[in-house]
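Okay, target_22.txt now, which holds compact mmCIF, C-alpha atoms:
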# COMPACT_ATOMS: atom_id res chain seq x y z
CA SER A 1 -0.25 -40.78 10.43
CA ASN A 2 0.82 -37.56 8.72
CA CYS A 3 -1.28 -38.21 5.62
CA ALA A 4 -4.96 -38.61 4.84
CA TYR A 5 -6.80 -39.25 1.62
CA GLN A 6 -10.16 -37.94 0.51
CA SER A 7 -12.07 -39.16 -2.49
CA LYS A 8 -13.00 -35.89 -4.16
CA LYS A 9 -12.90 -34.94 -7.80
CA GLY A 10 -11.11 -31.86 -8.97
CA GLY A 11 -7.70 -32.33 -7.39
CA VAL A 12 -5.87 -31.96 -10.70
CA ALA A 13 -8.03 -28.96 -11.53
CA LEU A 14 -6.98 -27.33 -8.25
CA VAL A 15 -3.29 -27.84 -9.01
CA ILE A 16 -3.75 -26.42 -12.51
CA THR A 17 -5.68 -23.43 -11.13
CA TYR A 18 -2.95 -22.66 -8.58
CA ALA A 19 -0.36 -22.98 -11.36
CA ILE A 20 -2.30 -20.53 -13.54
CA MET A 21 -2.66 -18.07 -10.64
CA ALA A 22 1.08 -18.26 -9.95
CA LEU A 23 1.87 -17.82 -13.65
CA ILE A 24 -0.42 -14.77 -13.90
CA ALA A 25 1.25 -13.26 -10.82
CA VAL A 26 4.72 -13.78 -12.32
CA VAL A 27 3.64 -12.30 -15.68
CA LEU A 28 2.13 -9.26 -13.97
CA LEU A 29 5.30 -8.76 -11.92
CA ILE A 30 7.55 -9.04 -14.98
CA GLY A 31 5.22 -6.80 -16.97
CA TYR A 32 5.23 -4.13 -14.25
CA THR A 33 9.02 -4.36 -13.86
CA VAL A 34 9.73 -4.15 -17.58
CA LEU A 35 7.01 -1.85 -18.89
CA VAL A 36 6.70 0.74 -16.10
CA ARG A 37 9.69 3.06 -16.19
CA LYS A 38 8.90 5.10 -13.08
CA LYS A 39 7.95 2.50 -10.49
CA GLU A 40 6.13 3.08 -7.25
CA PRO A 41 8.23 1.06 -4.73
CA TRP A 42 5.32 -0.07 -2.56
CA LEU A 43 3.28 -1.14 -5.55
CA LEU A 44 6.29 -3.13 -6.76
CA LEU A 45 6.55 -4.76 -3.33
CA LEU A 46 2.84 -5.60 -3.60
CA TYR A 47 3.43 -7.35 -6.94
CA ILE A 48 6.37 -9.29 -5.49
CA SER A 49 4.35 -10.30 -2.41
CA VAL A 50 1.36 -11.50 -4.45
CA THR A 51 3.73 -13.55 -6.63
CA ILE A 52 5.31 -15.16 -3.56
CA VAL A 53 1.89 -15.96 -2.08
CA ASN A 54 0.67 -17.66 -5.26
CA ILE A 55 3.90 -19.61 -5.72
CA GLY A 56 3.54 -20.82 -2.14
CA TYR A 57 -0.05 -21.93 -2.76
CA PHE A 58 1.02 -23.83 -5.89
CA LEU A 59 3.95 -25.54 -4.16
CA LEU A 60 1.66 -26.56 -1.31
CA SER A 61 -0.84 -28.08 -3.76
CA VAL A 62 1.87 -30.37 -5.21
CA SER A 63 3.57 -31.24 -1.91
CA LYS A 64 4.10 -34.92 -1.18
CA THR A 65 5.61 -34.66 2.29
CA VAL A 66 4.70 -32.74 5.42
CA GLU A 67 8.14 -31.13 5.50
CA PHE A 68 7.81 -29.73 1.96
CA ALA A 69 4.21 -28.64 2.62
CA ILE A 70 5.32 -26.68 5.69
CA ILE A 71 8.01 -24.92 3.64
CA ALA A 72 5.45 -24.07 0.94
CA ASN A 73 3.05 -22.84 3.62
CA ASP A 74 5.81 -20.65 5.09
CA ILE A 75 6.49 -19.19 1.61
CA SER A 76 2.84 -18.21 1.16
CA TYR A 77 2.77 -16.72 4.67
CA PHE A 78 5.94 -14.73 3.98
CA GLY A 79 4.28 -13.20 0.95
CA SER A 80 1.04 -12.59 2.87
CA VAL A 81 2.80 -10.85 5.75
CA PHE A 82 4.49 -8.31 3.47
CA LEU A 83 1.52 -8.13 1.12
CA SER A 84 -0.45 -6.53 3.96
CA MET A 85 2.37 -4.07 4.54
CA SER A 86 2.78 -3.18 0.87
CA MET A 87 -0.98 -2.77 0.38
CA LEU A 88 -1.18 -0.37 3.33
CA LEU A 89 1.78 1.70 2.08
CA THR A 90 0.36 1.77 -1.46
CA ILE A 91 -2.99 3.00 -0.10
CA ILE A 92 -1.20 5.64 2.00
CA ARG A 93 0.46 6.93 -1.17
CA LEU A 94 -2.79 6.84 -3.14
CA CYS A 95 -4.49 8.79 -0.36
CA GLY A 96 -1.84 11.52 -0.64
CA PHE A 97 -0.08 11.02 2.70
CA GLU A 98 3.68 11.05 3.18
CA ILE A 99 5.36 7.76 4.10
CA LYS A 100 7.89 8.23 6.88
CA LYS A 101 11.05 6.13 7.00
CA LYS A 102 10.34 5.33 10.65
CA LEU A 103 6.96 3.85 9.67
CA VAL A 104 8.56 1.59 7.05
CA ILE A 105 11.18 0.35 9.53
CA THR A 106 8.55 -0.30 12.22
CA LEU A 107 6.26 -2.21 9.86
CA SER A 108 9.18 -4.23 8.50
CA VAL A 109 10.29 -5.26 12.00
CA ILE A 110 6.71 -6.25 12.92
CA GLY A 111 6.41 -8.18 9.64
CA PHE A 112 9.58 -10.19 10.20
CA ALA A 113 8.50 -10.87 13.81
CA MET A 114 5.13 -12.14 12.55
CA PHE A 115 6.81 -14.39 10.00
CA ALA A 116 9.22 -15.70 12.66
CA ILE A 117 6.19 -16.86 14.67
CA VAL A 118 4.70 -18.61 11.62
CA ALA A 119 8.08 -20.19 10.78
CA THR A 120 7.99 -22.17 14.03
CA SER A 121 5.53 -24.50 12.28
CA GLY A 122 6.82 -28.07 12.33
CA ILE A 123 9.48 -27.12 14.89
CA LEU A 124 7.56 -25.82 17.89
CA PRO A 125 3.85 -26.25 18.71
CA TRP A 126 3.29 -22.48 19.00
CA TYR A 127 1.61 -21.50 15.75
CA TYR A 128 0.42 -25.00 14.80
CA GLN A 129 0.22 -27.72 17.42
CA GLU A 130 0.39 -30.33 14.67
CA VAL A 131 0.06 -30.57 10.92
CA SER A 132 -0.77 -33.34 8.48
CA LEU A 133 -1.43 -33.70 4.76
CA VAL A 134 -4.77 -34.21 3.08
CA PHE A 135 -4.60 -35.48 -0.51
CA ILE A 136 -7.61 -34.64 -2.67
CA ASP A 137 -7.16 -36.63 -5.91
CA GLY A 138 -3.60 -35.43 -6.31
CA ALA A 139 -3.93 -31.97 -4.78
CA THR A 140 -2.45 -31.42 -1.33
CA LYS A 141 -3.87 -29.45 1.57
CA LEU A 142 -2.31 -28.86 4.95
CA LYS A 143 -4.51 -29.93 7.84
CA LYS A 144 -3.65 -27.91 10.93
CA VAL A 145 -4.37 -27.90 14.63
CA TYR A 146 -3.87 -24.29 15.72
CA GLY A 147 -1.49 -23.40 18.52
CA VAL A 148 -1.60 -20.68 21.16
CA LEU A 149 0.13 -18.07 18.96
CA HIS A 150 -2.10 -18.54 15.91
CA PRO A 151 -4.43 -15.63 16.91
CA THR A 152 -1.46 -13.23 16.49
CA TYR A 153 -1.88 -13.40 12.70
CA LEU A 154 -5.56 -12.55 13.06
CA VAL A 155 -4.61 -9.50 15.14
CA TYR A 156 -1.91 -8.65 12.57
CA LEU A 157 -4.38 -8.68 9.66
CA ILE A 158 -7.14 -6.84 11.52
CA ALA A 159 -4.65 -4.12 12.49
CA TYR A 160 -3.57 -3.68 8.86
CA PHE A 161 -7.10 -3.70 7.47
CA SER A 162 -8.16 -1.19 10.15
CA ALA A 163 -5.20 1.05 9.26
CA MET A 164 -6.15 0.93 5.57
CA VAL A 165 -9.75 1.89 6.26
CA ALA A 166 -8.67 4.63 8.69
CA CYS A 167 -6.24 6.03 6.09
CA ILE A 168 -9.00 6.19 3.45
CA ILE A 169 -11.44 7.83 5.87
CA GLN A 170 -8.84 10.41 6.96
CA SER A 171 -8.00 11.18 3.34
CA ILE A 172 -11.68 11.72 2.52
CA ARG A 173 -12.11 13.90 5.59
CA LYS A 174 -9.17 16.09 4.58
CA LYS A 175 -10.26 16.04 0.92
CA MET A 176 -6.86 14.72 -0.12
CA ILE A 177 -8.05 11.88 -2.31
CA ALA A 178 -8.52 12.62 -6.01
CA SER A 179 -12.23 11.74 -6.12
CA GLN A 180 -14.94 10.07 -4.10
CA ARG A 181 -15.11 7.27 -6.70
CA HIS A 182 -11.46 6.46 -6.10
CA ALA A 183 -12.11 6.41 -2.36
CA VAL A 184 -15.03 4.01 -2.82
CA LEU A 185 -12.90 1.75 -5.01
CA LEU A 186 -10.06 1.71 -2.47
CA THR A 187 -12.51 0.87 0.30
CA ALA A 188 -14.01 -1.92 -1.80
CA ILE A 189 -10.56 -3.46 -2.33
CA VAL A 190 -9.85 -3.54 1.40
CA LEU A 191 -13.30 -4.76 2.44
CA GLY A 192 -13.30 -7.35 -0.36
CA ASN A 193 -10.08 -8.91 0.90
CA ILE A 194 -11.40 -8.84 4.46
CA ALA A 195 -14.58 -10.63 3.35
CA VAL A 196 -12.68 -13.31 1.42
CA TRP A 197 -10.32 -13.89 4.34
CA PHE A 198 -13.17 -14.27 6.87
CA VAL A 199 -15.17 -16.55 4.59
CA GLU A 200 -12.16 -18.82 4.18
CA LYS A 201 -11.61 -18.80 7.93
CA PHE A 202 -15.08 -19.93 8.87
CA ILE A 203 -16.23 -21.87 5.80
CA PRO A 204 -14.01 -24.78 4.68
CA TRP A 205 -13.03 -24.57 1.01
CA ASP A 206 -10.67 -26.75 -0.98
CA PHE A 207 -9.39 -23.70 -2.87
CA GLU A 208 -7.62 -20.60 -1.46
CA PHE A 209 -9.72 -17.82 -3.01
CA LEU A 210 -7.34 -15.21 -1.60
CA SER A 211 -4.96 -16.12 -4.42
CA VAL A 212 -7.52 -14.72 -6.87
CA SER A 213 -8.52 -11.83 -4.60
CA TYR A 214 -4.91 -10.65 -4.32
CA LEU A 215 -4.46 -10.70 -8.10
CA PHE A 216 -7.57 -8.59 -8.63
CA SER A 217 -6.43 -6.21 -5.88
CA GLU A 218 -3.04 -5.54 -7.44
CA ILE A 219 -4.58 -4.98 -10.88
CA ILE A 220 -7.14 -2.52 -9.49
CA LEU A 221 -4.51 -0.73 -7.38
CA LEU A 222 -2.29 -0.38 -10.44
CA GLY A 223 -5.19 1.14 -12.36
CA LEU A 224 -5.92 3.51 -9.50
CA TYR A 225 -2.27 4.47 -9.27
CA TRP A 226 -2.18 5.47 -12.94
CA MET A 227 -5.43 7.40 -12.67
CA MET A 228 -4.20 9.29 -9.61
CA GLN A 229 -0.50 9.65 -10.39
CA ASP A 230 -0.80 13.36 -11.13
CA TYR A 231 -2.15 13.79 -7.63
CA ILE A 232 0.30 11.67 -5.67
CA ARG A 233 3.52 12.51 -7.44
CA VAL A 234 5.05 15.55 -9.10
CA ASP A 235 4.62 16.29 -12.77
CA LEU A 236 7.03 14.19 -14.84
CA VAL A 237 7.75 17.16 -17.12
CA PRO A 238 10.75 19.11 -15.76
CA PRO A 239 9.97 22.74 -14.87
CA SER A 240 12.45 23.89 -17.54
CA GLU A 241 10.30 22.24 -20.22
CA GLN A 242 6.99 23.55 -19.00
CA LYS A 243 5.50 26.41 -20.94
CA ALA A 244 3.59 29.03 -19.02
CA PRO A 245 2.80 32.64 -19.83
CA LEU A 246 4.63 35.34 -17.95
CA LEU A 247 2.52 36.79 -15.16
CA THR A 248 2.56 40.23 -13.67
CA PRO A 249 2.17 40.66 -9.88
CA VAL A 250 -1.45 41.66 -10.50
CA ASP A 251 -2.10 38.35 -12.26
CA ILE A 252 -1.02 36.31 -9.22
CA ALA A 253 -4.05 37.32 -7.17
CA THR A 254 -6.34 36.10 -9.93
CA ILE A 255 -4.86 32.58 -10.10
CA PRO A 256 -7.11 29.94 -8.44
CA LEU A 257 -5.60 28.45 -5.30
CA GLU A 258 -5.44 24.92 -6.72
CA GLU A 259 -3.52 26.17 -9.77
CA LYS A 260 -1.04 27.90 -7.48
CA ILE A 261 -0.52 24.67 -5.52
CA LEU A 262 0.00 22.62 -8.69
CA LYS A 263 2.42 25.23 -10.02
CA ILE A 264 4.54 25.01 -6.87
CA ILE A 265 4.38 21.19 -6.92
CA SER A 266 5.82 21.26 -10.43
CA PHE A 267 9.08 22.63 -8.98
CA LEU A 268 9.61 19.63 -6.70
CA GLU A 269 12.32 17.14 -7.51
CA LEU A 270 11.16 14.02 -9.36
CA GLY A 271 9.75 11.56 -6.81
CA GLU A 272 9.43 14.25 -4.11
CA MET A 273 6.06 15.20 -2.64
CA LEU A 274 4.61 17.61 -0.11
CA ALA A 275 3.64 16.33 3.30
CA THR A 276 0.07 16.92 4.41
CA ARG A 277 1.04 19.76 6.76
CA GLU A 278 3.30 21.34 4.15
CA ARG A 279 0.45 21.44 1.65
CA GLU A 280 -1.91 22.94 4.26
CA ILE A 281 0.65 25.62 5.15
CA LEU A 282 1.26 26.37 1.47
CA GLU A 283 -2.48 26.92 0.95
CA LEU A 284 -2.64 29.26 3.94
CA ILE A 285 0.43 31.18 2.74
CA PHE A 286 -1.33 31.76 -0.57
CA GLN A 287 -4.28 33.04 1.45
CA ASN A 288 -1.90 35.68 2.86
CA LYS A 289 -2.03 34.23 6.37
CA LYS A 290 0.75 35.20 8.78
CA ARG A 291 2.70 32.58 10.72
CA LYS A 292 0.71 33.18 13.90
CA GLU A 293 -2.59 32.94 12.01
CA ILE A 294 -1.46 29.68 10.40
CA ALA A 295 -0.43 28.29 13.80
CA ASP A 296 -3.83 29.20 15.30
CA GLU A 297 -5.76 27.70 12.38
CA LEU A 298 -3.81 24.42 12.44
CA CYS A 299 -3.62 24.30 16.26
CA LEU A 300 0.17 24.13 16.17
CA SER A 301 2.94 26.22 17.70
CA GLU A 302 4.64 28.96 15.70
CA ASN A 303 7.94 27.07 15.97
CA THR A 304 6.32 23.99 14.42
CA ILE A 305 4.94 26.12 11.58
CA LYS A 306 8.40 27.62 11.11
CA THR A 307 9.93 24.13 10.84
CA TYR A 308 7.35 22.94 8.31
CA THR A 309 7.72 26.15 6.31
CA ARG A 310 11.51 25.77 6.18
CA THR A 311 11.13 22.19 4.92
CA LEU A 312 8.55 23.33 2.36
CA TYR A 313 10.83 26.08 1.07
CA GLY A 314 13.75 23.67 0.86
CA LYS A 315 11.76 21.22 -1.27
CA VAL A 316 10.86 23.87 -3.86
CA GLY A 317 14.21 25.67 -3.72
CA VAL A 318 13.23 29.02 -2.17
CA SER A 319 14.03 30.78 1.08
CA SER A 320 11.19 33.27 1.50
CA ARG A 321 7.58 34.03 0.64
CA GLU A 322 8.73 36.49 -2.00
CA GLU A 323 10.73 33.79 -3.79
CA LEU A 324 7.78 31.40 -3.42
CA TYR A 325 5.47 33.89 -5.13
CA ALA A 326 8.12 34.50 -7.79
CA LEU A 327 7.82 30.84 -8.79
CA LEU A 328 4.26 31.53 -9.88
CA MET A 329 5.58 34.00 -12.47
CA LYS A 330 7.93 31.51 -14.13

Target encoding structure tokens, full file:
Amino acid sequence: SNCAYQSKKGGVALVITYAIMALIAVVLLIGYTVLVRKKEPWLLLLYISVTIVNIGYFLLSVSKTVEFAIIANDISYFGSVFLSMSMLLTIIRLCGFEIKKKLVITLSVIGFAMFAIVATSGILPWYYQEVSLVFIDGATKLKKVYGVLHPTYLVYLIAYFSAMVACIIQSIRKKMIASQRHAVLLTAIVLGNIAVWFVEKFIPWDFEFLSVSYLFSEIILLGLYWMMQDYIRVDLVPPSEQKAPLLTPVDIATIPLEEKILKIISFLELGEMLATREREILELIFQNKKRKEIADELCLSENTIKTYTRTLYGKVGVSSREELYALLMK
């Protein structure tokens, strides 16, 4: 039989809870879409993914047939697959690293491949050997017998969580993150989701606590994004509207290095940012290092430094060190 019944109280409460979680996710998504004018794309994808996950959980809780339950399960998995991706990319941005197009394409391909494996449920015995419904006073759960490919999702999640932690550690090591408190909070978000996921894997619960964990994660990440936005993106005030006193060449040497960096960043196009290497090279330029000295300090070739410098100059609209220094006088 594809169905089983358990005499437990709280089934209706579970359905209502899933409905509330889904509603909160939708409200947060709409609120972010409507109220935030300058959106961070990966944070938006995170909101969309969390909404999809919670809608999937709700649909599963009200399923009456195995076929519909499998579809609902696939919906929640689809959201979960790209939630991991969006959380990693959001953390990369919060840590101050540049997101390469190649990385996005690679992660997207891996994500769709992972979902394709999950989507074999009910068709092929690869991810689940068999599935059946368990009704708990009106609430539905999917009882599964795992197939040979089920461990791939475990590997998928562990890889993402490891990448998130590694990104945070690297950012702390390079002193790129805005503050140690932010780093601790980011780490807590990642480790918290890992803990909830492992608890649910090894301890049977009637409720998917990840639905709540994901909601808290997106709220905290949004708060972190707003606290750190001056660090991870350029100033929203156009350079033409910024007021700064005229400086003489003598004044330039007295400007703190961090102020020089922020001044140059203010000339970037809206939404543009400096790559890690570009920022390092900019700091060394302001320390009057020559190209060869910069190459030796960063353990790179002079040609590589030349390429990064050319890209850096292009982003701020200059073609030489003299023009770069001239920006500090504007």

So that I can see what lies close to Ala195 (chain A), please list as a PDB file with C-alpha atoms, keeping the file's coordinate frame the residues with an atom at most 12 Å from it, counting all atoms listed in the file and leaving out residues fewer than 6 positions away in the same chain.
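Contents of the output file selection.pdb:
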ATOM      1  CA  ILE A 158      -7.140  -6.840  11.520  1.00  0.00           C
ATOM      2  CA  PHE A 161      -7.100  -3.700   7.470  1.00  0.00           C
ATOM      3  CA  ALA A 188     -14.010  -1.920  -1.800  1.00  0.00           C
ATOM      4  CA  ILE A 189     -10.560  -3.460  -2.330  1.00  0.00           C
ATOM      5  CA  LYS A 201     -11.610 -18.800   7.930  1.00  0.00           C
ATOM      6  CA  PHE A 202     -15.080 -19.930   8.870  1.00  0.00           C
ATOM      7  CA  ILE A 203     -16.230 -21.870   5.800  1.00  0.00           C
ATOM      8  CA  PHE A 209      -9.720 -17.820  -3.010  1.00  0.00           C
ATOM      9  CA  LEU A 210      -7.340 -15.210  -1.600  1.00  0.00           C
ATOM     10  CA  SER A 213      -8.520 -11.830  -4.600  1.00  0.00           C
TER      11      SER A 213
END

Could you build a table of the residues in region 82-168 of chain A lying no more than 8 Å from region 58-66 of chain A, giving for each the nearest pair of atoms and their separation in Å rounded to one decimal place, using only C-alpha atoms, ordered by chain and ascending residue number, as a Markdown table?
| residue | atom | partner | partner_atom | distance |
| --- | --- | --- | --- | --- |
| A:Val131 | CA | A:Val66 | CA | 7.5 |
| A:Ser132 | CA | A:Val66 | CA | 6.3 |
| A:Leu133 | CA | A:Val66 | CA | 6.2 |
| A:Gly138 | CA | A:Val62 | CA | 7.5 |
| A:Ala139 | CA | A:Ser61 | CA | 5.1 |
| A:Thr140 | CA | A:Ser61 | CA | 4.4 |
| A:Lys141 | CA | A:Ser61 | CA | 6.3 |
| A:Leu142 | CA | A:Leu60 | CA | 7.8 |

Counting only C-alpha atoms, note down every residue that has an atom within 10 Å of the point (0.5, -21.9, -8.2) (file coordinates), as a PDB file with C-alpha atoms, in the coordinates of the input.
ATOM      1  CA  LEU A  14      -6.980 -27.330  -8.250  1.00  0.00           C
ATOM      2  CA  VAL A  15      -3.290 -27.840  -9.010  1.00  0.00           C
ATOM      3  CA  ILE A  16      -3.750 -26.420 -12.510  1.00  0.00           C
ATOM      4  CA  THR A  17      -5.680 -23.430 -11.130  1.00  0.00           C
ATOM      5  CA  TYR A  18      -2.950 -22.660  -8.580  1.00  0.00           C
ATOM      6  CA  ALA A  19      -0.360 -22.980 -11.360  1.00  0.00           C
ATOM      7  CA  ILE A  20      -2.300 -20.530 -13.540  1.00  0.00           C
ATOM      8  CA  MET A  21      -2.660 -18.070 -10.640  1.00  0.00           C
ATOM      9  CA  ALA A  22       1.080 -18.260  -9.950  1.00  0.00           C
ATOM     10  CA  LEU A  23       1.870 -17.820 -13.650  1.00  0.00           C
ATOM     11  CA  ILE A  24      -0.420 -14.770 -13.900  1.00  0.00           C
ATOM     12  CA  ALA A  25       1.250 -13.260 -10.820  1.00  0.00           C
ATOM     13  CA  THR A  51       3.730 -13.550  -6.630  1.00  0.00           C
ATOM     14  CA  ILE A  52       5.310 -15.160  -3.560  1.00  0.00           C
ATOM     15  CA  VAL A  53       1.890 -15.960  -2.080  1.00  0.00           C
ATOM     16  CA  ASN A  54       0.670 -17.660  -5.260  1.00  0.00           C
ATOM     17  CA  ILE A  55       3.900 -19.610  -5.720  1.00  0.00           C
ATOM     18  CA  GLY A  56       3.540 -20.820  -2.140  1.00  0.00           C
ATOM     19  CA  TYR A  57      -0.050 -21.930  -2.760  1.00  0.00           C
ATOM     20  CA  PHE A  58       1.020 -23.830  -5.890  1.00  0.00           C
ATOM     21  CA  LEU A  59       3.950 -25.540  -4.160  1.00  0.00           C
ATOM     22  CA  LEU A  60       1.660 -26.560  -1.310  1.00  0.00           C
ATOM     23  CA  SER A  61      -0.840 -28.080  -3.760  1.00  0.00           C
ATOM     24  CA  VAL A  62       1.870 -30.370  -5.210  1.00  0.00           C
ATOM     25  CA  SER A 211      -4.960 -16.120  -4.420  1.00  0.00           C
TER      26      SER A 211
END

Would you compute the distance between CA of Phe82 (chain A) and CA of Glu218 (chain A)? Give it in Å to one decimal.
13.5 Å

Out of A:Tyr153, A:Trp205, A:Trp42, A:Tyr214, which residue has the shortest atom-to-atom distance to Leu94 (chain A) when counting only C-alpha atoms?
A:Trp42

Given only C-alpha atoms as the basis, pick out the residue of A:Gln287, A:Thr90, A:Ser108, A:Asn73 nearest to Gly122 (chain A).
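Ranking A:Gln287, A:Thr90, A:Ser108, A:Asn73 by distance to Gly122 (chain A), first place goes to A:Asn73.
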
Give the answer as one residue: which of A:Arg321, A:Lys174, A:Asp137, A:Glu302 has the shortest atom-to-atom distance to Arg279 (chain A), using all atoms listed in the file?
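So, comparing all the options, the nearest one is A:Lys174.
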
Tell me which of A:Val118, A:Gly79, A:Leu43, A:Ile294 sits closest to Leu28 (chain A), counting all atoms listed in the file.
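That would be A:Leu43, the residue with the smallest distance to Leu28 (chain A).
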
Measuring atom to atom with all atoms listed in the file, identify which of A:Cys167, A:Ile75, A:Ile136, A:Leu221 is nearest to Glu40 (chain A).
A:Leu221

Which residue out of A:Met114, A:Val12, A:Val190, A:Val212 has the minimum interatomic distance to Val50 (chain A) when all atoms listed in the file are used?
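For Val50 (chain A), the nearest of the candidates is A:Val212.
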
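The neighbours of Ser320 (chain A) here are the residues that come within 10 Å of it, using only C-alpha atoms and leaving out any residue fewer than 5 positions away in the same chain; they are Thr309, Arg310, Tyr313, Gly314, Tyr325 and Ala326 of chain A.
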
Quote the spacing between CA of Glu259 (chain A) and CA of Glu280 (chain A) in Å to one decimal place.
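Straight-line distance from CA of Glu259 (chain A) to CA of Glu280 (chain A) works out to 14.5 Å.
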
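Straight-line separation from CA of Lys144 (chain A) to CA of Pro204 (chain A): 12.5 Å.
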
Taking (-7.4, 2.7, 5.9) in the file's own coordinates, collect the residues within 9 Å, counting all atoms listed in the file, and hand them back as a VMD selection string.
chain A and resid 88 91 to 92 160 to 171 186 to 187 190
